[in-house]
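Report on the following structure.
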Number of protein chains: 2
Amino acid sequence: MGTRDKILTQATAHLKEVGLARLSLRQIAVSVGIKAPSIYEHFRSKEEIIDAIRENAAQSLTLQMTEAALARESPEDSLIQAGVAYVLYAITEQETFQVFFQLMRTKRRTLTEKVSEDSPYSVISGLFVEYFKDRGKTISQEKIEELSYGYWSLIHGAAVLRTTFLKGFKADFEQADTNNFHRFLLGSLEVI
Amino acid sequence: MGTRDKILTQATAHLKEVGLARLSLRQIAVSVGIKAPSIYEHFRSKEEIIDAIRENAAQSLTLQMTEAALARESPEDSLIQAGVAYVLYAITEQETFQVFFQLMRTKRRTLTEKVSEDSPYSVISGLFVEYFKDRGKTISQEKIEELSYGYWSLIHGAAVLRTTFLKGFKADFEQADTNNFHRFLLGSLEVI
DNA sequence: CAGCTCACCCTAACACTGTTAGGGTTTATT
DNA sequence: AATAAACCCTAACAGTGTTAGGGTGAGCTG
């Protein structure tokens, strides 16, 4: 394993331990076995290291969503399970998720541009197409995007609330999330 | 205006200008006209200043939601307008909103404890009670909480996505949000 | 083989951060 | 008149990301 990979590995490990706010280049350097300035031989800045972590997180999250959606009874169930997986990832990989959502930006700037693959959004919109195909309803690309954005808002909001405001709050969130995701999907069929 | 209030005012102003990451006590002190260590006569730490800003933000956000919900055609419209106001606050007061959602925690720890007033959540749950009363449906307190949590997830998710991932993305989000909020509320009536 | 380049590491230092120690001055109270 | 508290100060500590500039070894080229 090259030094660059070591830095990335140790940075990720430290992130999970101490959180984004206390992530220190000098500490990472100690773990790798080099001095802090040597990091700059492999990355242009601390920001660039975090970018790389974020990239990995996005890939990992997308994978877990995709796997959760596989082999379900119905497209609706796939959408719900993908949502549950999203929230689960946020809770189990809290610090990584924080990095993911805090600074990530789409390169896509308008609806006419192509959706980049391997993003949570593309998983959702793909499943929505299946969802309407399954119900025998035709739907415009625009509405698919609107619904995907809405559903993403819902699951992302649940993920963020659980890891911030509601951290430490005791309740059966899994059931509540499943019910709420179902509610949105039901409403999607009515309002087109 | 006392020094404590000056510090708070300048801290809020600086927050909006440079963002949370670059908020500096020495810069705040310059604006106030004192030296940095003197801040510690009025606040125990930087964290305590941010706590105070967050308190103000929560109050202001709650107020805007309440006002947006007033004098609407129906409780459903009130819920939607409260949601729109939430997202609007997030966009216009981006840095303040970031402080608000990033570290805020409920003091409430279980469903049996009382909901604190003057919080966005209490506004939502209050409007949900009206919503079901208006429709002539009876609903348990538990379900009100579940729905309020779900609706909050939706509007919070929309707010966060708009200010992070989707910053710079051009689309008619206002219309999309309104439609999506409507979808969730419609689904709420079906699945109880 | 000698000379050169380049990747990779180093130390020293800069400009910043939140925070603490300790001293001075003014104001109000005993 | 003495004391206490509120409030400001300077100096300094321990930490941060980052840059400047120097050394060392591997590998390529004449």
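A note on labels: chains of the structure tokens are A, B, ... as shown, every chain counts residues from 1, and ligands are counted from 1 in their shown order.
Within 10 Å of chain C, counting only C-alpha atoms (C1' of nucleotides), chain B contributes Arg22, Ser24, Leu25, Arg26, Ala36, Pro37, Tyr40, Ser45 and Lys46 of chain B.
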Writing out the chosen residues with C-alpha atoms as an mmCIF file, in the first residue's frame:
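Result written to part17.cif:
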data_model
loop_
_atom_site.group_PDB
_atom_site.id
_atom_site.type_symbol
_atom_site.label_atom_id
_atom_site.label_comp_id
_atom_site.auth_asym_id
_atom_site.auth_seq_id
_atom_site.Cartn_x
_atom_site.Cartn_y
_atom_site.Cartn_z
ATOM 1 C CA ARG B 22 -14.017 30.716 9.583
ATOM 2 C CA SER B 24 -12.952 33.848 14.628
ATOM 3 C CA LEU B 25 -13.093 35.201 18.180
ATOM 4 C CA ARG B 26 -10.309 37.683 17.461
ATOM 5 C CA ALA B 36 -10.234 38.516 22.336
ATOM 6 C CA PRO B 37 -9.653 37.338 25.933
ATOM 7 C CA TYR B 40 -14.378 35.276 28.171
ATOM 8 C CA SER B 45 -16.338 29.511 25.358
ATOM 9 C CA LYS B 46 -16.814 29.970 21.637
#
Subject >> Distance-based interface of chain B with chain D, 8 Å, counting only C-alpha atoms (C1' of nucleotides), as a PyMOL selection string >> reply: chain B and resi 34-35+38+41
**OP:** Write down, as JSON, numbers by chain, each residue of chain B that has any atom within 9 Å of an atom of chain A, counting only C-alpha atoms.
**Re:** {"B": [101, 102, 103, 104, 105, 106, 107, 108, 109, 110, 111, 146, 147, 149, 150, 151, 152, 153, 154, 155, 156, 157, 158, 159, 160, 161, 164, 165, 166, 167, 168, 169, 170, 171, 173, 176, 177, 179, 180, 181, 182, 183, 184, 185, 186, 187, 188, 189, 190, 191, 192]}
Original post:
Using only C-alpha atoms, which of the listed residues (B:Ser119, B:Thr12, B:Gln141, B:Ser78) sits closest to B:Ile28?
Top reply: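 The shortest atom-to-atom distance to B:Ile28 comes from B:Thr12.
Using only C-alpha atoms, the smallest distance between any of A:Glu174, A:Glu73, A:Glu48, A:Ala13 and A:Ala85 comes from A:Glu174.
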Determine, counting only C-alpha atoms (C1' of nucleotides), which protein, DNA and RNA residues have an atom within 12 Å of an atom of A:Leu63; residues of the same chain fewer than 3 positions away are not included. Present the result as a PDB file with all heavy atoms, in the first residue's frame.
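Result file out05.pdb:
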ATOM      1  N   ASN A  56     -15.319   8.143  -1.583  1.00  0.00           N
ATOM      2  CA  ASN A  56     -15.495   6.766  -1.110  1.00  0.00           C
ATOM      3  C   ASN A  56     -16.839   6.577  -0.436  1.00  0.00           C
ATOM      4  O   ASN A  56     -17.511   5.569  -0.642  1.00  0.00           O
ATOM      5  CB  ASN A  56     -14.384   6.404  -0.112  1.00  0.00           C
ATOM      6  CG  ASN A  56     -13.036   6.281  -0.772  1.00  0.00           C
ATOM      7  OD1 ASN A  56     -12.943   6.174  -1.999  1.00  0.00           O
ATOM      8  ND2 ASN A  56     -11.981   6.316   0.026  1.00  0.00           N
ATOM      9  N   ALA A  57     -17.218   7.550   0.389  1.00  0.00           N
ATOM     10  CA  ALA A  57     -18.479   7.459   1.124  1.00  0.00           C
ATOM     11  C   ALA A  57     -19.654   7.382   0.162  1.00  0.00           C
ATOM     12  O   ALA A  57     -20.564   6.559   0.334  1.00  0.00           O
ATOM     13  CB  ALA A  57     -18.626   8.653   2.054  1.00  0.00           C
ATOM     14  N   ALA A  58     -19.629   8.246  -0.859  1.00  0.00           N
ATOM     15  CA  ALA A  58     -20.718   8.279  -1.829  1.00  0.00           C
ATOM     16  C   ALA A  58     -20.860   6.926  -2.524  1.00  0.00           C
ATOM     17  O   ALA A  58     -21.972   6.415  -2.699  1.00  0.00           O
ATOM     18  CB  ALA A  58     -20.469   9.375  -2.856  1.00  0.00           C
ATOM     19  N   GLN A  59     -19.717   6.349  -2.868  1.00  0.00           N
ATOM     20  CA  GLN A  59     -19.725   5.052  -3.546  1.00  0.00           C
ATOM     21  C   GLN A  59     -20.281   3.965  -2.641  1.00  0.00           C
ATOM     22  O   GLN A  59     -21.131   3.164  -3.034  1.00  0.00           O
ATOM     23  CB  GLN A  59     -18.292   4.699  -3.950  1.00  0.00           C
ATOM     24  CG  GLN A  59     -18.148   4.310  -5.415  1.00  0.00           C
ATOM     25  CD  GLN A  59     -16.690   4.120  -5.790  1.00  0.00           C
ATOM     26  OE1 GLN A  59     -15.900   5.061  -5.685  1.00  0.00           O
ATOM     27  NE2 GLN A  59     -16.335   2.924  -6.220  1.00  0.00           N
ATOM     28  N   SER A  60     -19.816   3.967  -1.403  1.00  0.00           N
ATOM     29  CA  SER A  60     -20.233   2.961  -0.432  1.00  0.00           C
ATOM     30  C   SER A  60     -21.730   3.064  -0.125  1.00  0.00           C
ATOM     31  O   SER A  60     -22.440   2.055  -0.046  1.00  0.00           O
ATOM     32  CB  SER A  60     -19.403   3.136   0.839  1.00  0.00           C
ATOM     33  OG  SER A  60     -19.921   2.362   1.877  1.00  0.00           O
ATOM     34  N   THR A  66     -28.224   0.146  -3.361  1.00  0.00           N
ATOM     35  CA  THR A  66     -28.486  -0.758  -4.483  1.00  0.00           C
ATOM     36  C   THR A  66     -28.729  -2.181  -4.000  1.00  0.00           C
ATOM     37  O   THR A  66     -29.680  -2.843  -4.413  1.00  0.00           O
ATOM     38  CB  THR A  66     -27.291  -0.746  -5.466  1.00  0.00           C
ATOM     39  OG1 THR A  66     -26.987   0.604  -5.811  1.00  0.00           O
ATOM     40  CG2 THR A  66     -27.623  -1.532  -6.727  1.00  0.00           C
ATOM     41  N   GLU A  67     -27.886  -2.619  -3.087  1.00  0.00           N
ATOM     42  CA  GLU A  67     -28.029  -3.977  -2.553  1.00  0.00           C
ATOM     43  C   GLU A  67     -29.328  -4.150  -1.778  1.00  0.00           C
ATOM     44  O   GLU A  67     -29.976  -5.192  -1.857  1.00  0.00           O
ATOM     45  CB  GLU A  67     -26.833  -4.318  -1.659  1.00  0.00           C
ATOM     46  CG  GLU A  67     -25.588  -4.665  -2.471  1.00  0.00           C
ATOM     47  CD  GLU A  67     -24.382  -4.946  -1.582  1.00  0.00           C
ATOM     48  OE1 GLU A  67     -24.500  -4.782  -0.346  1.00  0.00           O
ATOM     49  OE2 GLU A  67     -23.329  -5.312  -2.128  1.00  0.00           O
ATOM     50  N   ALA A  68     -29.689  -3.104  -1.020  1.00  0.00           N
ATOM     51  CA  ALA A  68     -30.924  -3.176  -0.229  1.00  0.00           C
ATOM     52  C   ALA A  68     -32.156  -3.261  -1.129  1.00  0.00           C
ATOM     53  O   ALA A  68     -33.185  -3.817  -0.741  1.00  0.00           O
ATOM     54  CB  ALA A  68     -31.020  -1.969   0.688  1.00  0.00           C
ATOM     55  N   ALA A  69     -32.027  -2.699  -2.320  1.00  0.00           N
ATOM     56  CA  ALA A  69     -33.173  -2.656  -3.230  1.00  0.00           C
ATOM     57  C   ALA A  69     -33.353  -3.956  -4.016  1.00  0.00           C
ATOM     58  O   ALA A  69     -34.426  -4.214  -4.566  1.00  0.00           O
ATOM     59  CB  ALA A  69     -33.011  -1.488  -4.201  1.00  0.00           C
ATOM     60  N   LEU A  70     -32.314  -4.770  -4.031  1.00  0.00           N
ATOM     61  CA  LEU A  70     -32.340  -6.004  -4.827  1.00  0.00           C
ATOM     62  C   LEU A  70     -33.315  -7.036  -4.288  1.00  0.00           C
ATOM     63  O   LEU A  70     -33.495  -7.161  -3.078  1.00  0.00           O
ATOM     64  CB  LEU A  70     -30.937  -6.616  -4.880  1.00  0.00           C
ATOM     65  CG  LEU A  70     -29.921  -5.931  -5.808  1.00  0.00           C
ATOM     66  CD1 LEU A  70     -28.569  -6.625  -5.663  1.00  0.00           C
ATOM     67  CD2 LEU A  70     -30.395  -5.952  -7.240  1.00  0.00           C
ATOM     68  N   ALA A  82     -34.323   0.806   0.087  1.00  0.00           N
ATOM     69  CA  ALA A  82     -33.203   1.688  -0.275  1.00  0.00           C
ATOM     70  C   ALA A  82     -33.151   2.882   0.682  1.00  0.00           C
ATOM     71  O   ALA A  82     -32.069   3.286   1.126  1.00  0.00           O
ATOM     72  CB  ALA A  82     -33.345   2.165  -1.711  1.00  0.00           C
ATOM     73  N   ALA A  85     -31.884   1.749   4.037  1.00  0.00           N
ATOM     74  CA  ALA A  85     -30.433   1.547   3.957  1.00  0.00           C
ATOM     75  C   ALA A  85     -29.691   2.879   4.049  1.00  0.00           C
ATOM     76  O   ALA A  85     -28.635   2.981   4.676  1.00  0.00           O
ATOM     77  CB  ALA A  85     -30.072   0.837   2.657  1.00  0.00           C
ATOM     78  N   TYR A  86     -30.262   3.892   3.416  1.00  0.00           N
ATOM     79  CA  TYR A  86     -29.674   5.246   3.447  1.00  0.00           C
ATOM     80  C   TYR A  86     -29.571   5.747   4.886  1.00  0.00           C
ATOM     81  O   TYR A  86     -28.522   6.207   5.328  1.00  0.00           O
ATOM     82  CB  TYR A  86     -30.552   6.179   2.614  1.00  0.00           C
ATOM     83  CG  TYR A  86     -29.991   7.547   2.305  1.00  0.00           C
ATOM     84  CD1 TYR A  86     -29.378   7.801   1.091  1.00  0.00           C
ATOM     85  CD2 TYR A  86     -30.112   8.603   3.197  1.00  0.00           C
ATOM     86  CE1 TYR A  86     -28.886   9.067   0.777  1.00  0.00           C
ATOM     87  CE2 TYR A  86     -29.625   9.864   2.906  1.00  0.00           C
ATOM     88  CZ  TYR A  86     -29.013  10.092   1.690  1.00  0.00           C
ATOM     89  OH  TYR A  86     -28.530  11.345   1.382  1.00  0.00           O
ATOM     90  N   TYR A  89     -27.073   3.727   6.953  1.00  0.00           N
ATOM     91  CA  TYR A  89     -25.693   4.131   6.675  1.00  0.00           C
ATOM     92  C   TYR A  89     -25.345   5.391   7.460  1.00  0.00           C
ATOM     93  O   TYR A  89     -24.268   5.485   8.056  1.00  0.00           O
ATOM     94  CB  TYR A  89     -25.496   4.383   5.176  1.00  0.00           C
ATOM     95  CG  TYR A  89     -24.099   4.826   4.817  1.00  0.00           C
ATOM     96  CD1 TYR A  89     -23.118   3.902   4.524  1.00  0.00           C
ATOM     97  CD2 TYR A  89     -23.756   6.181   4.797  1.00  0.00           C
ATOM     98  CE1 TYR A  89     -21.822   4.302   4.217  1.00  0.00           C
ATOM     99  CE2 TYR A  89     -22.464   6.587   4.494  1.00  0.00           C
ATOM    100  CZ  TYR A  89     -21.510   5.646   4.205  1.00  0.00           C
ATOM    101  OH  TYR A  89     -20.235   6.054   3.906  1.00  0.00           O
ATOM    102  N   GLU A 117     -24.025   8.663 -12.700  1.00  0.00           N
ATOM    103  CA  GLU A 117     -24.312   7.345 -12.124  1.00  0.00           C
ATOM    104  C   GLU A 117     -23.625   7.195 -10.772  1.00  0.00           C
ATOM    105  O   GLU A 117     -22.861   8.034 -10.362  1.00  0.00           O
ATOM    106  CB  GLU A 117     -23.812   6.256 -13.085  1.00  0.00           C
ATOM    107  CG  GLU A 117     -24.618   6.221 -14.381  1.00  0.00           C
ATOM    108  CD  GLU A 117     -24.018   5.255 -15.385  1.00  0.00           C
ATOM    109  OE1 GLU A 117     -23.386   4.280 -14.945  1.00  0.00           O
ATOM    110  OE2 GLU A 117     -24.191   5.482 -16.599  1.00  0.00           O
ATOM    111  N   ASP A 118     -23.966   6.112 -10.088  1.00  0.00           N
ATOM    112  CA  ASP A 118     -23.326   5.824  -8.799  1.00  0.00           C
ATOM    113  C   ASP A 118     -23.568   6.903  -7.762  1.00  0.00           C
ATOM    114  O   ASP A 118     -22.734   7.144  -6.895  1.00  0.00           O
ATOM    115  CB  ASP A 118     -21.807   5.623  -8.964  1.00  0.00           C
ATOM    116  CG  ASP A 118     -21.508   4.329  -9.691  1.00  0.00           C
ATOM    117  OD1 ASP A 118     -22.368   3.446  -9.682  1.00  0.00           O
ATOM    118  OD2 ASP A 118     -20.418   4.215 -10.255  1.00  0.00           O
ATOM    119  N   SER A 119     -24.713   7.571  -7.832  1.00  0.00           N
ATOM    120  CA  SER A 119     -25.082   8.510  -6.786  1.00  0.00           C
ATOM    121  C   SER A 119     -26.407   8.046  -6.186  1.00  0.00           C
ATOM    122  O   SER A 119     -27.187   7.361  -6.849  1.00  0.00           O
ATOM    123  CB  SER A 119     -25.244   9.909  -7.366  1.00  0.00           C
ATOM    124  OG  SER A 119     -26.424   9.971  -8.150  1.00  0.00           O
ATOM    125  N   PRO A 120     -26.641   8.355  -4.910  1.00  0.00           N
ATOM    126  CA  PRO A 120     -27.907   7.965  -4.289  1.00  0.00           C
ATOM    127  C   PRO A 120     -29.105   8.418  -5.125  1.00  0.00           C
ATOM    128  O   PRO A 120     -30.094   7.688  -5.260  1.00  0.00           O
ATOM    129  CB  PRO A 120     -27.871   8.696  -2.954  1.00  0.00           C
ATOM    130  CG  PRO A 120     -26.430   8.830  -2.638  1.00  0.00           C
ATOM    131  CD  PRO A 120     -25.757   9.033  -3.961  1.00  0.00           C
ATOM    132  N   SER A 122     -29.370   8.797  -8.356  1.00  0.00           N
ATOM    133  CA  SER A 122     -29.598   7.977  -9.548  1.00  0.00           C
ATOM    134  C   SER A 122     -30.246   6.652  -9.183  1.00  0.00           C
ATOM    135  O   SER A 122     -31.052   6.110  -9.944  1.00  0.00           O
ATOM    136  CB  SER A 122     -28.283   7.751 -10.304  1.00  0.00           C
ATOM    137  OG  SER A 122     -27.453   6.862  -9.597  1.00  0.00           O
ATOM    138  N   VAL A 123     -29.915   6.110  -8.012  1.00  0.00           N
ATOM    139  CA  VAL A 123     -30.558   4.884  -7.544  1.00  0.00           C
ATOM    140  C   VAL A 123     -32.051   5.127  -7.345  1.00  0.00           C
ATOM    141  O   VAL A 123     -32.893   4.347  -7.798  1.00  0.00           O
ATOM    142  CB  VAL A 123     -29.931   4.386  -6.216  1.00  0.00           C
ATOM    143  CG1 VAL A 123     -30.682   3.184  -5.678  1.00  0.00           C
ATOM    144  CG2 VAL A 123     -28.466   4.054  -6.407  1.00  0.00           C
TER     145      VAL A 123
END
**OP:** Run DSSP on the backbone and grab whatever in stretch 2-144 of chain B lands in alpha helix (DSSP H); send it over as a ChimeraX atom specification.
**Re:** /B:3-18,25-32,46-69,75-92,94-103,120-134,141-144
Subject >> Separation of atom CA of A:Ile91 from atom CA of A:Glu130 in Å >> reply: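 Atom CA of A:Glu130 sits 27.7 Å away from atom CA of A:Ile91.
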Subject >> Shell of 8 Å around A:Leu8, only C-alpha atoms (C1' of nucleotides), local chain residues under 2 positions omitted, as a list in words >> reply: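 Skipping anything fewer than 2 positions along the chain leaves Arg4, Asp5, Lys6, Gln10, Ala11, Thr12, Ile49, Ala52 and Ile53 of chain A.
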Original post:
How many Å separate atom CA of B:Val18 from atom CA of A:Phe43?
Top reply: 25.1 Å
